[in-house]
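Everything below belongs to entry33.txt, which stores compact mmCIF, C-alpha atoms.
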# COMPACT_ATOMS: atom_id res chain seq x y z
CA MET I 1 -14.13 -16.45 -3.54
CA LYS I 2 -14.55 -15.85 0.16
CA ALA I 3 -12.14 -16.22 3.04
CA PRO I 4 -12.08 -19.69 4.60
CA ARG I 5 -13.27 -20.12 8.18
CA PHE I 6 -10.97 -18.81 10.86
CA ALA I 7 -11.15 -17.74 14.47
CA TYR I 8 -10.67 -14.06 15.10
CA ALA I 9 -9.05 -12.18 17.94
CA ARG I 10 -8.63 -8.45 18.35
CA PRO I 11 -6.01 -7.82 21.03
CA ALA I 12 -5.83 -4.35 22.58
CA SER I 13 -2.13 -4.41 23.37
CA VAL I 14 1.15 -5.82 22.06
CA ALA I 15 1.30 -8.06 25.15
CA GLU I 16 -2.10 -9.55 24.33
CA ALA I 17 -1.11 -10.04 20.70
CA LEU I 18 2.13 -11.77 21.70
CA ALA I 19 0.26 -14.08 24.06
CA LEU I 20 -2.04 -15.09 21.19
CA LEU I 21 0.85 -15.57 18.75
CA ASP I 22 2.76 -17.59 21.33
CA LYS I 23 -0.25 -19.78 22.03
CA HIS I 24 -1.21 -20.47 18.42
CA LYS I 25 2.27 -20.32 16.88
CA ASP I 26 2.20 -21.11 13.15
CA ASP I 27 -1.58 -21.59 13.16
CA ALA I 28 -1.94 -17.84 13.59
CA ARG I 29 -1.41 -14.98 11.15
CA VAL I 30 -1.25 -11.30 11.98
CA LEU I 31 -3.88 -9.18 10.23
CA ALA I 32 -2.58 -5.64 9.68
CA GLY I 33 -3.91 -3.71 6.67
CA GLY I 34 -5.07 -6.94 5.05
CA GLN I 35 -4.48 -5.69 1.50
CA SER I 36 -2.38 -8.74 0.64
CA LEU I 37 -3.45 -11.21 3.32
CA VAL I 38 -7.19 -10.97 2.61
CA PRO I 39 -6.75 -11.69 -1.13
CA MET I 40 -4.52 -14.62 -0.10
CA LEU I 41 -7.32 -15.85 2.16
CA ASN I 42 -9.92 -15.40 -0.58
CA PHE I 43 -7.75 -17.32 -3.03
CA ARG I 44 -7.25 -19.93 -0.29
CA VAL I 45 -3.49 -19.50 -0.67
CA ALA I 46 -3.40 -18.82 3.06
CA GLY I 47 -5.60 -20.61 5.55
CA PRO I 48 -4.58 -19.72 9.09
CA ARG I 49 -6.71 -21.16 11.89
CA VAL I 50 -6.46 -17.90 13.83
CA LEU I 51 -6.31 -14.30 12.66
CA VAL I 52 -4.83 -11.85 15.14
CA ASP I 53 -6.16 -8.43 14.16
CA ILE I 54 -3.67 -5.83 15.41
CA ASN I 55 -5.56 -2.83 14.03
CA ARG I 56 -6.80 -1.69 17.44
CA ILE I 57 -3.39 -1.68 19.14
CA ALA I 58 -2.79 2.03 19.67
CA SER I 59 0.94 1.71 20.41
CA LEU I 60 1.61 0.41 16.88
CA SER I 61 0.45 3.67 15.30
CA GLY I 62 2.19 6.97 14.85
CA ILE I 63 5.34 8.49 13.41
CA LYS I 64 7.81 9.65 16.06
CA ILE I 65 10.83 11.85 15.50
CA THR I 66 13.77 11.22 17.82
CA LYS I 67 17.18 12.90 17.76
CA ASN I 68 18.38 11.21 14.59
CA HIS I 69 15.71 8.68 13.70
CA VAL I 70 12.19 8.49 12.43
CA ARG I 71 10.36 5.69 14.19
CA VAL I 72 7.34 4.54 12.21
CA GLY I 73 4.82 2.31 13.96
CA ALA I 74 4.09 -0.94 12.15
CA LEU I 75 0.45 0.07 11.68
CA VAL I 76 1.15 3.39 9.98
CA ARG I 77 -0.74 3.29 6.70
CA HIS I 78 0.75 4.19 3.34
CA THR I 79 -1.54 7.22 3.03
CA GLU I 80 -0.30 8.55 6.37
CA LEU I 81 3.32 8.14 5.25
CA GLY I 82 2.49 9.99 2.04
CA ARG I 83 0.78 12.87 3.86
CA SER I 84 3.29 13.28 6.70
CA PRO I 85 5.44 16.44 6.57
CA ASP I 86 7.99 14.62 8.80
CA ILE I 87 8.37 11.82 6.26
CA ALA I 88 8.66 14.32 3.39
CA LYS I 89 11.38 16.17 5.31
CA HIS I 90 13.43 13.32 6.76
CA LEU I 91 12.68 10.38 4.44
CA PRO I 92 12.05 11.84 0.99
CA LEU I 93 12.69 8.42 -0.57
CA VAL I 94 9.70 6.96 1.28
CA ALA I 95 7.51 9.94 0.40
CA THR I 96 8.41 9.52 -3.28
CA ALA I 97 7.70 5.79 -3.24
CA ILE I 98 4.19 5.99 -1.76
CA PRO I 99 2.27 7.05 -4.92
CA HIS I 100 3.67 3.97 -6.69
CA ILE I 101 2.03 1.61 -4.19
CA ALA I 102 -1.22 0.21 -5.60
CA HIS I 103 -4.16 2.65 -5.50
CA PRO I 104 -5.55 5.22 -3.03
CA ALA I 105 -8.16 2.86 -1.53
CA ILE I 106 -5.44 0.24 -0.93
CA ARG I 107 -3.01 2.81 0.47
CA ASN I 108 -5.66 3.90 2.98
CA ARG I 109 -5.49 0.45 4.60
CA GLY I 110 -2.08 -1.02 3.75
CA THR I 111 0.59 -0.63 6.42
CA LEU I 112 4.38 -0.27 6.53
CA GLY I 113 4.67 -3.19 8.94
CA GLY I 114 2.42 -5.41 6.88
CA SER I 115 4.31 -4.71 3.67
CA CYS I 116 7.67 -5.45 5.29
CA ALA I 117 6.54 -8.50 7.27
CA LEU I 118 4.96 -10.04 4.16
CA ALA I 119 8.15 -9.35 2.14
CA ASP I 120 6.61 -9.50 -1.30
CA PRO I 121 9.63 -9.27 -3.62
CA ALA I 122 7.87 -6.67 -5.78
CA ALA I 123 6.97 -4.37 -2.86
CA GLU I 124 8.23 -0.81 -2.68
CA LEU I 125 8.75 -0.18 1.04
CA PRO I 126 11.07 -3.12 1.78
CA ALA I 127 13.42 -1.78 -0.91
CA CYS I 128 13.25 1.71 0.63
CA ALA I 129 14.03 0.24 4.06
CA LEU I 130 17.05 -1.53 2.59
CA ALA I 131 18.32 1.58 0.78
CA LEU I 132 17.88 3.70 3.90
CA GLU I 133 19.50 1.18 6.31
CA ALA I 134 16.36 0.95 8.42
CA THR I 135 16.14 -1.17 11.55
CA PHE I 136 13.18 -3.46 12.20
CA ILE I 137 11.95 -3.78 15.77
CA ALA I 138 10.39 -7.12 16.60
CA ALA I 139 8.62 -7.84 19.88
CA GLY I 140 8.58 -11.32 21.31
CA LYS I 141 7.82 -12.84 24.66
CA ARG I 142 11.43 -12.23 25.75
CA GLY I 143 11.29 -8.55 24.83
CA GLU I 144 12.29 -6.58 21.75
CA ARG I 145 15.10 -7.19 19.33
CA ARG I 146 16.43 -5.06 16.52
CA ILE I 147 17.14 -6.41 13.04
CA ALA I 148 19.05 -4.50 10.35
CA ALA I 149 17.21 -4.25 7.01
CA GLN I 150 20.15 -6.06 5.40
CA ASP I 151 19.41 -9.12 7.59
CA PHE I 152 15.62 -8.85 7.66
CA PHE I 153 14.60 -10.00 4.17
CA LYS I 154 15.43 -13.68 3.80
CA GLY I 155 13.74 -14.66 0.56
CA LEU I 156 10.38 -15.01 -1.13
CA TYR I 157 7.83 -13.90 1.51
CA ALA I 158 10.42 -14.80 4.14
CA THR I 159 11.83 -12.56 6.86
CA ALA I 160 13.97 -12.86 9.98
CA LEU I 161 10.82 -12.66 12.15
CA LYS I 162 10.45 -15.79 14.23
CA SER I 163 7.28 -17.63 15.04
CA GLY I 164 5.54 -15.74 17.85
CA GLU I 165 7.23 -12.42 17.05
CA LEU I 166 5.43 -9.25 16.02
CA LEU I 167 6.97 -6.44 13.98
CA VAL I 168 6.16 -3.33 16.04
CA ALA I 169 8.08 -0.51 14.33
CA VAL I 170 10.63 0.41 11.70
CA GLU I 171 13.34 2.94 12.53
CA PHE I 172 14.87 5.01 9.75
CA PRO I 173 17.98 7.15 10.24
CA PHE I 174 17.55 10.75 9.05
CA SER I 175 18.77 11.50 5.57
CA LYS I 176 22.23 13.12 6.01
CA PRO I 177 23.25 16.51 4.58
CA GLY I 178 24.48 16.20 1.00
CA TYR I 179 22.50 12.97 0.49
CA ALA I 180 19.79 12.60 -2.10
CA SER I 181 17.16 9.99 -2.92
CA ALA I 182 15.40 8.87 -6.05
CA PHE I 183 12.82 6.23 -6.79
CA GLY I 184 11.40 4.67 -9.92
CA GLU I 185 9.29 1.74 -10.96
CA LEU I 186 8.17 0.12 -14.20
CA ALA I 187 4.72 -1.45 -14.12
CA ARG I 188 2.34 -2.51 -16.85
CA ARG I 189 -0.29 -0.17 -15.45
CA HIS I 190 -0.10 2.38 -12.65
CA GLY I 191 -0.42 0.58 -9.31
CA ASP I 192 0.32 -2.88 -10.68
CA TYR I 193 3.10 -5.01 -9.30
CA ALA I 194 6.50 -3.69 -10.29
CA MET I 195 8.22 -5.43 -13.20
CA VAL I 196 11.30 -3.77 -11.79
CA GLY I 197 11.81 -0.98 -9.27
CA VAL I 198 14.74 1.00 -7.89
CA ALA I 199 15.11 2.88 -4.60
CA ALA I 200 18.38 4.82 -4.49
CA HIS I 201 19.98 6.84 -1.73
CA GLY I 202 23.45 8.29 -1.41
CA SER I 203 25.69 11.30 -1.29
CA THR I 204 26.23 13.61 -4.26
CA GLN I 205 28.21 16.12 -2.22
CA GLY I 206 30.99 17.90 -4.11
CA ALA I 207 29.36 16.68 -7.34
CA LYS I 208 30.72 13.16 -6.69
CA PHE I 209 28.84 9.96 -5.95
CA SER I 210 29.56 8.40 -2.60
CA ASP I 211 28.00 5.86 -0.21
CA LEU I 212 25.34 4.89 -2.74
CA ARG I 213 22.76 2.30 -1.78
CA VAL I 214 20.77 1.22 -4.83
CA ALA I 215 18.04 -1.25 -3.88
CA PHE I 216 16.22 -3.18 -6.61
CA PHE I 217 12.84 -4.86 -6.22
CA GLY I 218 10.84 -7.12 -8.48
CA VAL I 219 13.99 -8.73 -9.93
CA GLY I 220 14.75 -11.39 -7.33
CA ASP I 221 13.24 -13.25 -4.42
CA ARG I 222 13.80 -10.25 -2.12
CA PRO I 223 14.87 -6.60 -2.35
CA GLN I 224 18.56 -6.49 -3.11
CA LEU I 225 21.38 -3.95 -3.14
CA ALA I 226 23.44 -3.52 -6.30
CA ALA I 227 26.86 -3.58 -4.67
CA HIS I 228 29.06 -3.81 -7.79
CA PHE I 229 27.15 -0.98 -9.41
CA ALA I 230 27.50 1.22 -6.31
CA ARG I 231 31.22 0.41 -6.03
CA ALA I 232 31.78 1.38 -9.65
CA LEU I 233 30.19 4.77 -8.98
CA GLU I 234 32.00 5.49 -5.69
CA GLY I 235 33.99 8.71 -6.05
CA GLN I 236 32.93 9.20 -9.67
CA PRO I 237 31.58 12.56 -10.85
CA ALA I 238 27.84 12.72 -10.22
CA THR I 239 26.94 12.87 -13.90
CA ALA I 240 24.80 10.98 -16.36
CA LYS I 241 27.98 9.84 -18.10
CA SER I 242 29.29 8.09 -14.98
CA VAL I 243 25.93 6.41 -14.51
CA ASP I 244 25.91 5.08 -18.08
CA ALA I 245 29.46 3.80 -17.70
CA ALA I 246 28.55 1.88 -14.53
CA LEU I 247 25.31 0.28 -15.79
CA PRO I 248 26.99 -2.88 -17.21
CA LYS I 249 28.08 -3.71 -13.63
CA LEU I 250 24.46 -4.61 -12.95
CA ASP I 251 25.15 -7.88 -14.81
CA SER I 252 27.14 -8.92 -11.72
CA ASP I 253 24.51 -7.71 -9.22
CA LEU I 254 21.25 -8.99 -10.66
CA ALA I 255 20.12 -12.36 -11.92
CA PRO I 256 16.42 -11.88 -12.54
CA ARG I 257 14.26 -14.85 -13.41
CA ALA I 258 11.66 -14.82 -16.13
CA ASP I 259 8.11 -14.21 -14.95
CA LEU I 260 4.68 -14.39 -16.60
CA TYR I 261 5.32 -11.31 -18.69
CA SER I 262 9.02 -10.99 -19.40
CA SER I 263 12.07 -13.10 -20.02
CA ALA I 264 15.11 -12.87 -17.74
CA ALA I 265 16.94 -10.89 -20.42
CA THR I 266 14.08 -8.40 -20.70
CA LYS I 267 14.00 -7.93 -16.94
CA LEU I 268 17.72 -7.30 -16.79
CA HIS I 269 17.43 -4.83 -19.65
CA LEU I 270 14.57 -3.02 -17.91
CA ALA I 271 16.54 -2.95 -14.65
CA LYS I 272 19.41 -1.19 -16.43
CA VAL I 273 17.13 1.30 -18.16
CA LEU I 274 15.39 2.11 -14.89
CA ALA I 275 18.61 2.32 -12.88
CA GLY I 276 19.91 4.80 -15.45
CA ARG I 277 16.80 6.95 -15.11
CA VAL I 278 16.71 6.84 -11.32
CA LEU I 279 20.41 7.59 -10.85
CA LYS I 280 20.13 10.50 -13.26
CA GLN I 281 17.27 11.83 -11.13
CA LEU I 282 19.60 11.60 -8.16
CA VAL I 283 22.10 13.81 -9.98
CA SER I 284 19.54 16.45 -10.96
CA MET P 285 -10.97 -8.80 22.95
CA ASN P 286 -8.46 -11.52 23.50
CA THR P 287 -10.72 -14.49 23.01
CA LEU P 288 -11.15 -16.38 19.76
CA LEU P 289 -14.41 -15.72 18.00
CA GLU P 290 -16.22 -17.08 14.97
CA THR P 291 -19.05 -14.60 15.22
CA VAL P 292 -18.95 -11.07 16.60
CA GLU P 293 -21.59 -8.54 17.48
CA ILE P 294 -20.75 -5.33 15.71
CA SER P 295 -22.24 -1.91 16.01
CA LEU P 296 -21.49 0.71 13.38
CA THR P 297 -22.96 3.72 11.62
CA VAL P 298 -23.94 3.11 8.01
CA ASN P 299 -25.03 6.16 6.03
CA GLY P 300 -25.82 7.95 9.27
CA GLU P 301 -27.89 5.14 10.80
CA ARG P 302 -26.81 3.05 13.77
CA VAL P 303 -26.69 -0.63 12.90
CA LYS P 304 -26.12 -3.59 15.22
CA ARG P 305 -25.68 -7.11 13.90
CA MET P 306 -24.18 -10.45 14.76
CA VAL P 307 -21.78 -11.41 11.96
CA PRO P 308 -19.52 -14.33 11.13
CA VAL P 309 -15.93 -13.05 11.33
CA ARG P 310 -15.16 -14.19 7.77
CA LEU P 311 -17.91 -12.00 6.27
CA ASN P 312 -16.40 -9.09 4.34
CA LEU P 313 -17.80 -5.59 4.54
CA ALA P 314 -19.10 -5.55 0.96
CA ASP P 315 -21.09 -8.76 1.49
CA PHE P 316 -22.33 -7.43 4.84
CA LEU P 317 -23.62 -4.24 3.22
CA ARG P 318 -25.25 -6.12 0.34
CA ASN P 319 -26.65 -9.20 2.01
CA GLU P 320 -27.29 -8.09 5.56
CA LEU P 321 -28.30 -4.45 5.00
CA GLU P 322 -29.56 -4.84 1.40
CA LEU P 323 -27.42 -1.92 0.26
CA THR P 324 -26.72 -3.45 -3.13
CA GLY P 325 -25.20 -0.35 -4.71
CA THR P 326 -21.81 -1.54 -3.48
CA HIS P 327 -20.86 -4.09 -6.11
CA VAL P 328 -18.75 -7.18 -5.75
CA GLY P 329 -16.46 -7.86 -8.68
CA CYS P 330 -13.10 -9.52 -8.28
CA GLU P 331 -13.11 -10.15 -4.50
CA HIS P 332 -9.38 -9.61 -4.25
CA GLY P 333 -8.95 -5.88 -4.24
CA VAL P 334 -8.21 -5.29 -7.90
CA CYS P 335 -11.38 -4.02 -9.58
CA GLY P 336 -12.61 -1.29 -7.22
CA ALA P 337 -16.33 -2.06 -7.67
CA CYS P 338 -16.76 -2.47 -3.88
CA THR P 339 -15.23 0.90 -2.94
CA VAL P 340 -16.89 2.37 0.18
CA ARG P 341 -15.88 4.99 2.73
CA VAL P 342 -14.83 3.94 6.22
CA ASP P 343 -14.22 6.79 8.67
CA GLY P 344 -13.99 9.20 5.76
CA GLU P 345 -11.45 7.33 3.63
CA ILE P 346 -12.20 5.09 0.64
CA VAL P 347 -11.35 1.40 1.07
CA ARG P 348 -11.96 -1.90 -0.68
CA GLY P 349 -15.11 -3.38 0.85
CA CYS P 350 -13.92 -6.87 -0.11
CA LEU P 351 -10.63 -6.57 1.80
CA LEU P 352 -12.07 -5.55 5.15
CA PHE P 353 -14.00 -7.94 7.34
CA ALA P 354 -17.27 -6.54 8.62
CA CYS P 355 -16.11 -7.23 12.18
CA GLN P 356 -13.21 -4.84 11.59
CA ALA P 357 -15.66 -2.02 10.89
CA ASP P 358 -17.06 -2.34 14.43
CA GLY P 359 -17.46 1.19 15.79
CA CYS P 360 -16.73 2.78 12.41
CA LYS P 361 -18.67 5.20 10.25
CA VAL P 362 -19.35 3.60 6.87
CA ASP P 363 -20.69 5.51 3.87
CA THR P 364 -21.89 3.81 0.72
CA ILE P 365 -23.06 4.98 -2.69
CA GLU P 366 -26.65 5.00 -1.34
CA GLY P 367 -25.73 7.40 1.47
CA LEU P 368 -23.76 9.73 -0.75
CA SER P 369 -26.53 9.75 -3.36
CA ASP P 370 -29.25 10.47 -0.79
CA SER P 371 -27.25 13.27 0.81
CA ARG P 372 -26.72 14.68 -2.70
CA GLU P 373 -22.98 14.80 -2.09
CA LEU P 374 -22.46 13.14 -5.47
CA GLU P 375 -25.07 15.12 -7.37
CA GLU P 376 -22.63 17.07 -9.54
CA LEU P 377 -20.55 14.02 -10.39
CA GLN P 378 -23.64 11.94 -11.16
CA SER P 379 -25.03 14.63 -13.50
CA ALA P 380 -21.67 14.96 -15.24
CA PHE P 381 -21.48 11.17 -15.69
CA VAL P 382 -24.91 11.20 -17.35
CA LEU P 383 -24.03 14.19 -19.54
CA THR P 384 -20.77 12.74 -20.82
CA ASN P 385 -22.01 9.14 -21.13
CA ALA P 386 -19.45 8.06 -18.54
CA LEU P 387 -21.28 4.83 -17.84
CA GLN P 388 -22.69 2.07 -19.96
CA CYS P 389 -23.47 -1.08 -17.99
CA GLY P 390 -23.01 0.77 -14.70
CA PHE P 391 -21.36 -2.06 -12.79
CA CYS P 392 -18.22 -0.08 -11.95
CA THR P 393 -20.00 3.26 -11.54
CA PRO P 394 -20.67 3.25 -7.76
CA GLY P 395 -17.02 2.48 -7.05
CA VAL P 396 -15.82 5.00 -9.62
CA LEU P 397 -18.03 7.71 -8.09
CA MET P 398 -16.75 6.96 -4.58
CA ALA P 399 -13.16 7.19 -5.84
CA ALA P 400 -13.85 10.31 -7.91
CA GLN P 401 -15.33 12.12 -4.90
CA ALA P 402 -12.24 11.22 -2.83
CA LEU P 403 -10.01 12.41 -5.67
CA LEU P 404 -11.70 15.81 -5.83
CA ARG P 405 -11.30 16.17 -2.06
CA ASP P 406 -7.56 15.34 -2.20
CA LEU P 407 -6.81 17.12 -5.49
CA PRO P 408 -9.44 19.78 -6.22
CA ASP P 409 -7.86 20.72 -9.56
CA PRO P 410 -6.45 17.50 -11.00
CA SER P 411 -4.85 17.12 -14.42
CA ARG P 412 -6.25 14.42 -16.72
CA GLU P 413 -3.13 12.41 -15.98
CA GLN P 414 -3.78 12.67 -12.22
CA ILE P 415 -7.40 11.62 -12.71
CA ARG P 416 -6.27 8.55 -14.66
CA GLU P 417 -3.68 7.71 -12.04
CA TYR P 418 -6.12 8.07 -9.15
CA LEU P 419 -8.72 5.93 -10.91
CA SER P 420 -6.19 3.26 -11.93
CA GLY P 421 -7.65 1.13 -9.14
CA ASN P 422 -11.15 1.11 -10.64
CA TYR P 423 -11.79 -1.11 -13.61
CA CYS P 424 -14.35 -0.17 -16.26
CA ARG P 425 -14.81 -2.62 -19.12
CA CYS P 426 -17.26 -0.51 -21.14
CA THR P 427 -16.29 3.11 -21.53
CA GLY P 428 -12.57 3.11 -22.25
CA TYR P 429 -12.31 5.65 -19.40
CA GLN P 430 -12.25 8.70 -21.70
CA ALA P 431 -15.75 9.84 -20.75
CA ILE P 432 -15.16 9.11 -17.05
CA VAL P 433 -12.10 11.38 -17.11
CA ASP P 434 -14.14 14.00 -19.02
CA ALA P 435 -16.89 13.94 -16.39
CA ILE P 436 -14.54 14.28 -13.43
CA GLU P 437 -12.56 17.01 -15.15
CA ALA P 438 -15.78 18.92 -15.91
CA VAL P 439 -16.85 18.81 -12.25
CA ALA P 440 -13.40 19.92 -11.06
CA LYS P 441 -13.44 22.84 -13.50
CA ALA P 442 -16.98 23.86 -12.52
CA ARG P 443 -16.04 23.82 -8.85
CA ALA P 444 -12.85 25.78 -9.49
CA GLY P 445 -14.85 28.33 -11.50
CA ARG P 446 -17.28 28.83 -8.61
CA ALA P 447 -14.46 29.20 -6.10
CA LYS P 448 -12.99 32.15 -8.02
For this file, write the structure as structure tokens.
Amino acid sequence: MKAPRFAYARPASVAEALALLDKHKDDARVLAGGQSLVPMLNFRVAGPRVLVDINRIASLSGIKITKNHVRVGALVRHTELGRSPDIAKHLPLVATAIPHIAHPAIRNRGTLGGSCALADPAAELPACALALEATFIAAGKRGERRIAAQDFFKGLYATALKSGELLVAVEFPFSKPGYASAFGELARRHGDYAMVGVAAHGSTQGAKFSDLRVAFFGVGDRPQLAAHFARALEGQPATAKSVDAALPKLDSDLAPRADLYSSAATKLHLAKVLAGRVLKQLVS
Amino acid sequence: MNTLLETVEISLTVNGERVKRMVPVRLNLADFLRNELELTGTHVGCEHGVCGACTVRVDGEIVRGCLLFACQADGCKVDTIEGLSDSRELEELQSAFVLTNALQCGFCTPGVLMAAQALLRDLPDPSREQIREYLSGNYCRCTGYQAIVDAIEAVAKARAGRAK
């Protein structure tokens, strides 16, 4: 099980990478951390003619704090996110999610940009980006454009990125005062793909729920917000009782499909159990 | 390097020695170490990043040798089980593994040792639960993990005792 033949390029700048992507269009794939792409190559699920290795592009690295945003370069690795005091301070949801992603050796290579651009429906960081209203910054030959997380994930392994575009950074607004985050995931074994996961963010100021964004992953073809559930909790006392009362609303938000391990009914049940646990964490 | 290549000349440091080779770009680091450098302590199991048998250190951090192309390690410092054994960095862990019977067939052991050493660097005093969680990316089909956790816990406790 080895990667098929491909031609390899290692651009030193975003401009060089874009020129390669523009030239080779859909024959090319971007190689970031490679923790999903290389297995796909080895399984021969993917067989790009050209691999554009962006790992040596310095401008794609680094976590920058601006006035009210955290700008995370596409190449920032999961381990770096997990170790960063800035992420812990401004994006506690992301910091909490990191230990759930695979295993340390994978987290040392896997990148934020790679995870989001691949858009695996069971991935943790796309759901965090959705819950936190992140903005994706894509570079193309006509310059950069900004895509809201809500519009970025289009389906199974599908994003709003166009052929020839490169995801260069993800911008997260700071967590506001009075807002809290919580994260949870059910997996068959630590580090396995999520059977269901929840990334929640919202205000619990004045002991009332408000502006909740509850993003589920592993239950659909993309990360998705539970809008009915959040609406049912808006203005309600931030208590376990309110959470339990709102859980049936998830029937209107989620329509999971059966997978190899669980039926649709089991997945919906697990989603409710997990949402209950995560929202109760948010309260405490 | 903006041109398309099917082979690349790479130059890297493996276990402290400078190495220069011409490699096909599709060759992964684990196969490079085993077949080109004859460092066969790095094992190849699943070849898709699940089993952890190919765990090596690149620039100080553990990675899956099967998920990194050798050409990507150009200019890097790579350490394998051979290097860490020779430098005696793993001596305590290796002795504890022998004492507790933490290996049977030994196929997973190099990868487990690489991960265990990284664990003790990141978390010098881990709980058993933390050891299990950290090693969840290394499959062992013989031991049932109990003895592996025992061995790592024993080394952590011995080190903590000395630090006091």
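With only C-alpha atoms taken into account, the protein and nucleic acid residues at most 8 Å from Val334 of chain P (excluding it and anything under 2 positions from it in its own chain) are Cys330, Glu331, His332, Gly336, Gly421, Asn422 and Tyr423 of chain P.
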Selection from above, C-alpha atoms, as a PDB file, in the frame of the given file, can you write it?
ATOM      1  CA  CYS P 330     -13.100  -9.520  -8.280  1.00  0.00           C
ATOM      2  CA  GLU P 331     -13.110 -10.150  -4.500  1.00  0.00           C
ATOM      3  CA  HIS P 332      -9.380  -9.610  -4.250  1.00  0.00           C
ATOM      4  CA  GLY P 336     -12.610  -1.290  -7.220  1.00  0.00           C
ATOM      5  CA  GLY P 421      -7.650   1.130  -9.140  1.00  0.00           C
ATOM      6  CA  ASN P 422     -11.150   1.110 -10.640  1.00  0.00           C
ATOM      7  CA  TYR P 423     -11.790  -1.110 -13.610  1.00  0.00           C
TER       8      TYR P 423
END
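All chain P residues having an atom within 8 Å of chain I, based on only C-alpha atoms, amount to Met285, Asn286, Thr287, Leu288, Leu289, Glu290, Val309, Arg310, Leu311, Glu331, His332, Gly333, Thr339, Glu345, Ile346, Val347, Arg348, Leu351, Leu352, Ala399, Glu417, Tyr418, Leu419, Ser420 and Gly421 of chain P.
Between Gly325 of chain P and the candidates P:Leu377, P:Ala386, P:Val396, P:Met306, the tightest atom-to-atom separation, counting only C-alpha atoms, involves P:Val396.
Ranking P:Ile294, P:Leu407, P:Ile432, P:Ala447 by their shortest atom-to-atom distance to Gly359 of chain P, with only C-alpha atoms included, puts P:Ile294 first.
Atom CA of Arg257 of chain I to atom CA of Ala129 of chain I spans 23.1 Å [interatomic distance, one decimal].
Computed from the coordinates, the atom CA of Ala357 of chain P to atom CA of Val340 of chain P distance equals 11.6 Å.
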Using all atoms listed in the file, collect all residues at a distance of at most 12 Å from (33.2, 14.0, -11.3) as written in the file, then present them as an NGL selection string.
:I and (204-210 or 233-243 or 283)
Take the residues just selected and output them with C-alpha atoms as a CSV table (one decimal), keeping the file's coordinate frame.
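Listed below is the output, out-v5.csv:
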chain,number,residue,atom,x,y,z
I,204,THR,CA,26.2,13.6,-4.3
I,205,GLN,CA,28.2,16.1,-2.2
I,206,GLY,CA,31.0,17.9,-4.1
I,207,ALA,CA,29.4,16.7,-7.3
I,208,LYS,CA,30.7,13.2,-6.7
I,209,PHE,CA,28.8,10.0,-6.0
I,210,SER,CA,29.6,8.4,-2.6
I,233,LEU,CA,30.2,4.8,-9.0
I,234,GLU,CA,32.0,5.5,-5.7
I,235,GLY,CA,34.0,8.7,-6.0
I,236,GLN,CA,32.9,9.2,-9.7
I,237,PRO,CA,31.6,12.6,-10.8
I,238,ALA,CA,27.8,12.7,-10.2
I,239,THR,CA,26.9,12.9,-13.9
I,240,ALA,CA,24.8,11.0,-16.4
I,241,LYS,CA,28.0,9.8,-18.1
I,242,SER,CA,29.3,8.1,-15.0
I,243,VAL,CA,25.9,6.4,-14.5
I,283,VAL,CA,22.1,13.8,-10.0
Rounded to one decimal place, report the atom CA of Asp434 of chain P-atom CA of Gln388 of chain P distance in Å.
14.7 Å
Which is closest to Val76 of chain I among I:Ala169, I:Leu118, I:Ala131, I:Ala28, if we use only C-alpha atoms?
I:Ala169
Return as AutoDock Vina command-line options the box centre and box size in Å, one decimal, for an axis-aligned box around all listed atoms of segment 288-296 of chain P padded by 4 Å per side.
--center_x -16.7 --center_y -8.2 --center_z 16.6 --size_x 19.1 --size_y 25.8 --size_z 14.4
